[in-house]
Each structure stands twice: as structure tokens, then as C-alpha cells.
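Novice: This is the structure I want to talk about, given as C-alpha cells.
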Amino acid sequence: SIEKVPLSLKVNGKKYKLSVEPRTTLLDLLRENLHLNGTKKGCDYGQCGACTVHVEGQRVNSCLSFAVMHDGQEITTIEGLADGDKLHPMQEAFVKHDGFQCGYCTPGQIMSAVACVREGHAGSADEIREYMSGNICRCGAYSNIVAAIQDVKQGGQKV
Ligand code: FES
Ligand code: FES
């Protein structure tokens with residue numbers, strides 16, 4: 001059997017003390033150990049963005065990252081964005097602009113979209129498309145996703 005290693009994380013504001021196999025990805029840890037299934041597994045090799053979360057405020061493809069690399073760090077997943085029953089402004093904008101169809105890519109899109117605005121990469125549609133290019137949508141909701149991000153950016157709401 002593989003020896004487990006201790007790991008402390010803060011996920012969506014809650015502290016966890018865990019014991020994990022060294023090769024467990026952050027994605028599998030979130031989904032399988034913590035049952036936070038909002039973060040999706042699309043490709044599992046860094047090509048689709050469905051697994052995007054924030055680590056210390058930076059977006060990360062969680063399928064490419066070993067959980068043990070994040071000891072002591074703060075993770076935010078899609079489950080951590082809303083404020084109780086109140087949707088995050090980016091979630092509201094995705095609803096308003098039909099920024100999803102099947103919804104499979106949506107958690108990752110929204111986590112990237114929040115980072116896009118926070119990091120100041122939402123200045124134009126082109127800039128948004130470039131920043132969001134790692135998030136694939138097989139349903140082709142791209143133009144609505146860009147519209148949602150522009151709406152949040154232009155509204156000047158705190159994200
Ligand atoms: Fe991580 Fe596709 S599941 S990038
Ligand atoms: Fe279906 Fe994006 S909404 S993959």
C-alpha cells in the first residue's frame with residue numbers, strides 16, 4: 001500500500017486535516033475526499049479547464065496539481081463563490097446571459113471568469129477570449145460567456 005502523507009488545507013473557508021496519497025491530484029482530493037463535486041473532471045490532463053479552482057486566489061487546473069503541493073494553502077471552488085443563498089455576481093451574469101447549455105464546463109468557466117476580472121484581463125472581448133481560451137465549451141457558449149464577463153466588468157461589481 002502507498003504511504004499517506006498529512007495535508008492541511010483551507011477549502012471554501014473551512015479547515016481540513018487530511019491524509020492523502022502523494023500522487024492524489026487536487027481535483028481528485030476535492031471530488032473524492034471532500035465530496036465537492038462542483039469542480040468537474042473533463043480531460044484530466046490540463047486541456048479543458050473544467051477543473052479550474054482558485055489556489056491562494058490564482059486560478060489553477062486542479063487536475064494537473066498534486067494535492068500535497070498545497071499544504072497550508074487556501075482553495076476556493078465553485079461551491080465557495082456564492083454568499084449563502086445569494087449567487088456571486090459572475091454566477092448571476094452567466095444566468096442572465098445564458099452562459100451555459102449543458103453546464104459541464106460552467107464551474108470552471110466561472111472560476112476562470114472571476115480570475116479574469118480580478119486580474120484585470122477583461123478590458124475587451126478579445127482580451128477576455130484570450131484569457132478564457134483554456135476553458136473549452138463543447139456546447140459553444142463562448143459569445144454568451146464573454147457577454148457575461150463584460151457585464152460584470154462594466155457593472156464594476158466587486159468580484
Ligand atoms: Fe483539468 Fe481538463 S480536467 S484541464
Ligand atoms: Fe456544455 Fe459548456 S455548456 S460544455
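Here, A, B, ... name the chains of the C-alpha cells in the order displayed, residue numbers run from 1 inside each chain, and ligands are numbered from 1 in the same displayed order.
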Return as a compact mmCIF listing (two decimals) with C-alpha atoms, in the first residue's frame every polymer residue, whether protein, DNA or RNA, with at least one atom no more than 12 Å from an atom of ligand 2; count only C-alpha atoms and all ligand atoms.

Specialist:
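That gives us result.txt:
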# COMPACT_ATOMS: atom_id res chain seq x y z
CA LYS A 40 -15.55 18.86 -12.97
CA LYS A 41 -13.18 16.36 -14.47
CA GLY A 42 -13.19 16.82 -18.22
CA CYS A 48 -10.18 21.71 -20.95
CA GLY A 49 -10.32 23.92 -17.84
CA ALA A 50 -13.35 22.11 -16.36
CA PHE A 94 -23.91 33.60 -16.50
CA VAL A 95 -27.60 33.01 -15.80
CA ASP A 98 -27.24 32.16 -20.97
CA GLY A 99 -23.54 31.49 -20.48
CA PHE A 100 -24.10 27.73 -20.42
CA GLN A 101 -26.04 24.96 -22.08
CA CYS A 102 -25.23 21.51 -20.67
CA GLY A 103 -23.38 23.17 -17.79
CA TYR A 104 -20.48 20.75 -17.64
CA CYS A 105 -17.81 23.37 -18.32
CA THR A 106 -19.57 26.05 -16.30
CA PRO A 107 -17.91 25.75 -12.86
CA GLY A 108 -14.50 26.01 -14.49
CA GLN A 109 -15.64 28.83 -16.76
CA ILE A 110 -16.94 30.80 -13.79
CA ASN A 135 -11.66 26.80 -20.84
CA ILE A 136 -13.27 24.69 -23.52
CA CYS A 137 -17.04 24.63 -24.04
CA ARG A 138 -18.23 21.85 -26.27
CA CYS A 139 -21.65 23.46 -26.44
CA GLY A 140 -20.14 26.61 -27.92
CA ALA A 141 -21.49 29.08 -25.40
CA TYR A 142 -18.43 31.29 -25.89
CA SER A 143 -20.09 34.52 -27.03
CA ASN A 144 -22.54 34.40 -24.11
CA ILE A 145 -19.71 33.71 -21.68

Novice: Any idea what's packed within 12 Å of Ser19 of chain A, counting only C-alpha atoms, ignoring anything in its chain fewer than 4 positions away? Could you give it as an NGL selection string?

Specialist: :A and (2-9 or 23-24 or 29 or 33-34 or 67-68 or 71)

Novice: Please give the complete set of residues from chain A that DSSP, run on the backbone, assigns to strand (DSSP E or B), formatted as a list of chain:residue names.

Specialist: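 Reading the DSSP output for chain A, strand (DSSP E or B) covers A:Val5, A:Pro6, A:Leu7, A:Ser8, A:Leu9, A:Lys10, A:Val11, A:Lys14, A:Lys15, A:Tyr16, A:Lys17, A:Leu18, A:Ser19, A:Val20, A:Thr25, A:Thr52, A:Val53, A:His54, A:Val55, A:Gln58, A:Arg59, A:Val60, A:Asn61, A:Phe66, A:Glu74, A:Ile75, A:Thr76, A:Asp83, A:Lys86.
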
Novice: Okay, now the selection with N, CA and C atoms, as a short mmCIF file (atom, residue, chain, number, x, y, z; two decimals), in the first residue's frame?

Specialist:
data_model
loop_
_atom_site.label_atom_id
_atom_site.label_comp_id
_atom_site.auth_asym_id
_atom_site.auth_seq_id
_atom_site.Cartn_x
_atom_site.Cartn_y
_atom_site.Cartn_z
N VAL A 5 0.44 10.86 3.29
CA VAL A 5 1.13 11.98 3.93
C VAL A 5 0.08 12.96 4.47
N PRO A 6 0.43 13.64 5.56
CA PRO A 6 -0.52 14.59 6.15
C PRO A 6 -0.64 15.85 5.28
N LEU A 7 -1.81 16.42 5.29
CA LEU A 7 -2.07 17.60 4.47
C LEU A 7 -3.11 18.47 5.17
N SER A 8 -2.77 19.74 5.34
CA SER A 8 -3.74 20.69 5.89
C SER A 8 -4.13 21.66 4.80
N LEU A 9 -5.42 21.87 4.66
CA LEU A 9 -5.93 22.78 3.63
C LEU A 9 -7.07 23.60 4.20
N LYS A 10 -7.27 24.76 3.59
CA LYS A 10 -8.49 25.51 3.88
C LYS A 10 -9.25 25.55 2.56
N VAL A 11 -10.45 24.99 2.55
CA VAL A 11 -11.23 24.94 1.32
C VAL A 11 -12.56 25.66 1.57
N LYS A 14 -13.17 26.58 5.10
CA LYS A 14 -13.21 25.54 6.12
C LYS A 14 -11.88 24.81 6.18
N LYS A 15 -11.38 24.59 7.39
CA LYS A 15 -10.08 23.92 7.54
C LYS A 15 -10.23 22.41 7.52
N TYR A 16 -9.31 21.75 6.85
CA TYR A 16 -9.29 20.29 6.80
C TYR A 16 -7.91 19.78 7.17
N LYS A 17 -7.89 18.72 7.97
CA LYS A 17 -6.65 17.99 8.21
C LYS A 17 -6.84 16.61 7.60
N LEU A 18 -6.01 16.31 6.59
CA LEU A 18 -6.24 15.11 5.78
C LEU A 18 -4.99 14.26 5.75
N SER A 19 -5.18 13.08 5.20
CA SER A 19 -4.07 12.17 4.98
C SER A 19 -4.26 11.63 3.57
N VAL A 20 -3.31 11.91 2.69
CA VAL A 20 -3.53 11.59 1.27
C VAL A 20 -2.34 10.88 0.65
N THR A 25 -4.32 13.94 -7.11
CA THR A 25 -4.41 15.30 -7.64
C THR A 25 -5.33 16.14 -6.75
N THR A 52 -11.00 23.95 -13.10
CA THR A 52 -10.39 25.18 -12.59
C THR A 52 -10.89 25.54 -11.18
N VAL A 53 -9.95 25.79 -10.29
CA VAL A 53 -10.25 26.30 -8.95
C VAL A 53 -9.29 27.47 -8.69
N HIS A 54 -9.47 28.13 -7.57
CA HIS A 54 -8.51 29.16 -7.16
C HIS A 54 -7.67 28.62 -6.01
N VAL A 55 -6.36 28.78 -6.13
CA VAL A 55 -5.43 28.45 -5.05
C VAL A 55 -4.74 29.74 -4.65
N GLN A 58 -5.25 32.46 -7.10
CA GLN A 58 -4.82 32.30 -8.50
C GLN A 58 -5.55 31.10 -9.11
N ARG A 59 -5.93 31.20 -10.38
CA ARG A 59 -6.62 30.04 -10.95
C ARG A 59 -5.61 28.94 -11.29
N VAL A 60 -6.07 27.72 -11.10
CA VAL A 60 -5.23 26.54 -11.28
C VAL A 60 -6.08 25.44 -11.90
N ASN A 61 -5.47 24.69 -12.82
CA ASN A 61 -6.12 23.47 -13.31
C ASN A 61 -5.87 22.38 -12.27
N PHE A 66 -0.72 18.21 -7.81
CA PHE A 66 -0.83 17.25 -6.70
C PHE A 66 -1.31 17.98 -5.45
N GLU A 74 -4.94 28.00 0.71
CA GLU A 74 -6.37 28.29 0.70
C GLU A 74 -6.92 28.06 -0.71
N ILE A 75 -7.93 27.21 -0.78
CA ILE A 75 -8.52 26.83 -2.06
C ILE A 75 -9.96 27.35 -2.10
N THR A 76 -10.36 27.85 -3.24
CA THR A 76 -11.78 28.19 -3.43
C THR A 76 -12.29 27.42 -4.64
N ASP A 83 -22.66 33.56 -1.71
CA ASP A 83 -22.71 34.01 -0.33
C ASP A 83 -24.03 33.51 0.24
N LYS A 86 -27.23 33.74 -1.87
CA LYS A 86 -27.03 34.80 -2.86
C LYS A 86 -25.90 34.42 -3.81
#

Novice: Please determine, counting only C-alpha atoms, which residue among A:Ala147, A:Ala113, A:Ser133, A:Ser124 has the shortest atom-to-atom distance to Gln47 of chain A.

Specialist: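 Distance minimum relative to Gln47 of chain A lands on A:Ser133.
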
Novice: If you measure from atom CA of His70 of chain A to atom CA of Ala82 of chain A, what distance in Å do you get, rounded to one decimal?

Specialist: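 Going from atom CA of His70 of chain A over to atom CA of Ala82 of chain A, I get 23.2 Å.
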
Novice: Of the residues A:Gln157, A:Ser112, A:Gln150, A:Ser62, which is the one nearest to ligand 1, using only C-alpha atoms and all ligand atoms?

Specialist: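 With only C-alpha atoms and all ligand atoms as the atom set, the closest residue is A:Ser62.
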
Novice: With a distance cut-off of 12 Å and only C-alpha atoms, select the neighbouring residues of Ala122 of chain A, excluding the residue or stretch itself and same-chain residues fewer than 4 positions from it, and output the selection as a PDB file with C-alpha atoms, in the first residue's frame.

Specialist:
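Resulting contents of out11.pdb:
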ATOM      1  CA  SER A 112     -11.689  31.473 -14.661  1.00  0.00           C
ATOM      2  CA  ALA A 113     -14.084  34.337 -15.349  1.00  0.00           C
ATOM      3  CA  VAL A 114     -13.753  35.627 -11.788  1.00  0.00           C
ATOM      4  CA  ALA A 115      -9.965  35.453 -12.073  1.00  0.00           C
ATOM      5  CA  CYS A 116     -10.166  37.203 -15.451  1.00  0.00           C
ATOM      6  CA  VAL A 117     -11.917  40.213 -13.953  1.00  0.00           C
ATOM      7  CA  ARG A 118      -9.867  40.233 -10.738  1.00  0.00           C
ATOM      8  CA  ASP A 126     -10.564  39.956 -27.356  1.00  0.00           C
ATOM      9  CA  GLU A 127      -8.699  40.126 -24.097  1.00  0.00           C
ATOM     10  CA  ILE A 128     -11.406  38.061 -22.391  1.00  0.00           C
ATOM     11  CA  ARG A 129     -11.339  35.458 -25.166  1.00  0.00           C
ATOM     12  CA  GLU A 130      -7.582  35.164 -24.860  1.00  0.00           C
ATOM     13  CA  TYR A 131      -7.619  34.807 -21.082  1.00  0.00           C
ATOM     14  CA  MET A 132     -10.513  32.310 -21.235  1.00  0.00           C
ATOM     15  CA  ILE A 145     -19.715  33.714 -21.679  1.00  0.00           C
ATOM     16  CA  VAL A 146     -17.827  36.751 -22.980  1.00  0.00           C
ATOM     17  CA  ALA A 147     -21.011  38.842 -22.641  1.00  0.00           C
ATOM     18  CA  ALA A 148     -21.435  37.711 -19.032  1.00  0.00           C
ATOM     19  CA  ILE A 149     -17.858  38.631 -18.152  1.00  0.00           C
ATOM     20  CA  GLN A 150     -18.167  42.029 -19.847  1.00  0.00           C
ATOM     21  CA  ASP A 151     -21.372  42.690 -17.934  1.00  0.00           C
ATOM     22  CA  VAL A 152     -19.664  42.023 -14.592  1.00  0.00           C
ATOM     23  CA  LYS A 153     -16.648  44.066 -15.568  1.00  0.00           C
ATOM     24  CA  GLN A 154     -18.721  47.006 -16.791  1.00  0.00           C
ATOM     25  CA  GLY A 156     -17.991  47.433 -11.625  1.00  0.00           C
TER      26      GLY A 156
END

Novice: Nearest residue to ligand 1 out of A:Asn12, A:Ser65, A:Gln91, A:Ser1, using only C-alpha atoms and all ligand atoms?

Specialist: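 With only C-alpha atoms and all ligand atoms as the atom set, the closest residue is A:Ser65.
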
Novice: So, counting only C-alpha atoms, which residue among A:Gly123, A:Gly155, A:Pro89, A:Gly72 is closest to Met111 of chain A?

Specialist: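 Looking only at the distances to Met111 of chain A, the closest residue turns out to be A:Pro89.
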
Novice: Quick check, in Å to one decimal: how far apart do atom CA of Gly46 of chain A and atom CA of Leu27 of chain A lie?

Specialist: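 Spanning atom CA of Gly46 of chain A to atom CA of Leu27 of chain A is a straight-line distance of 11.3 Å.
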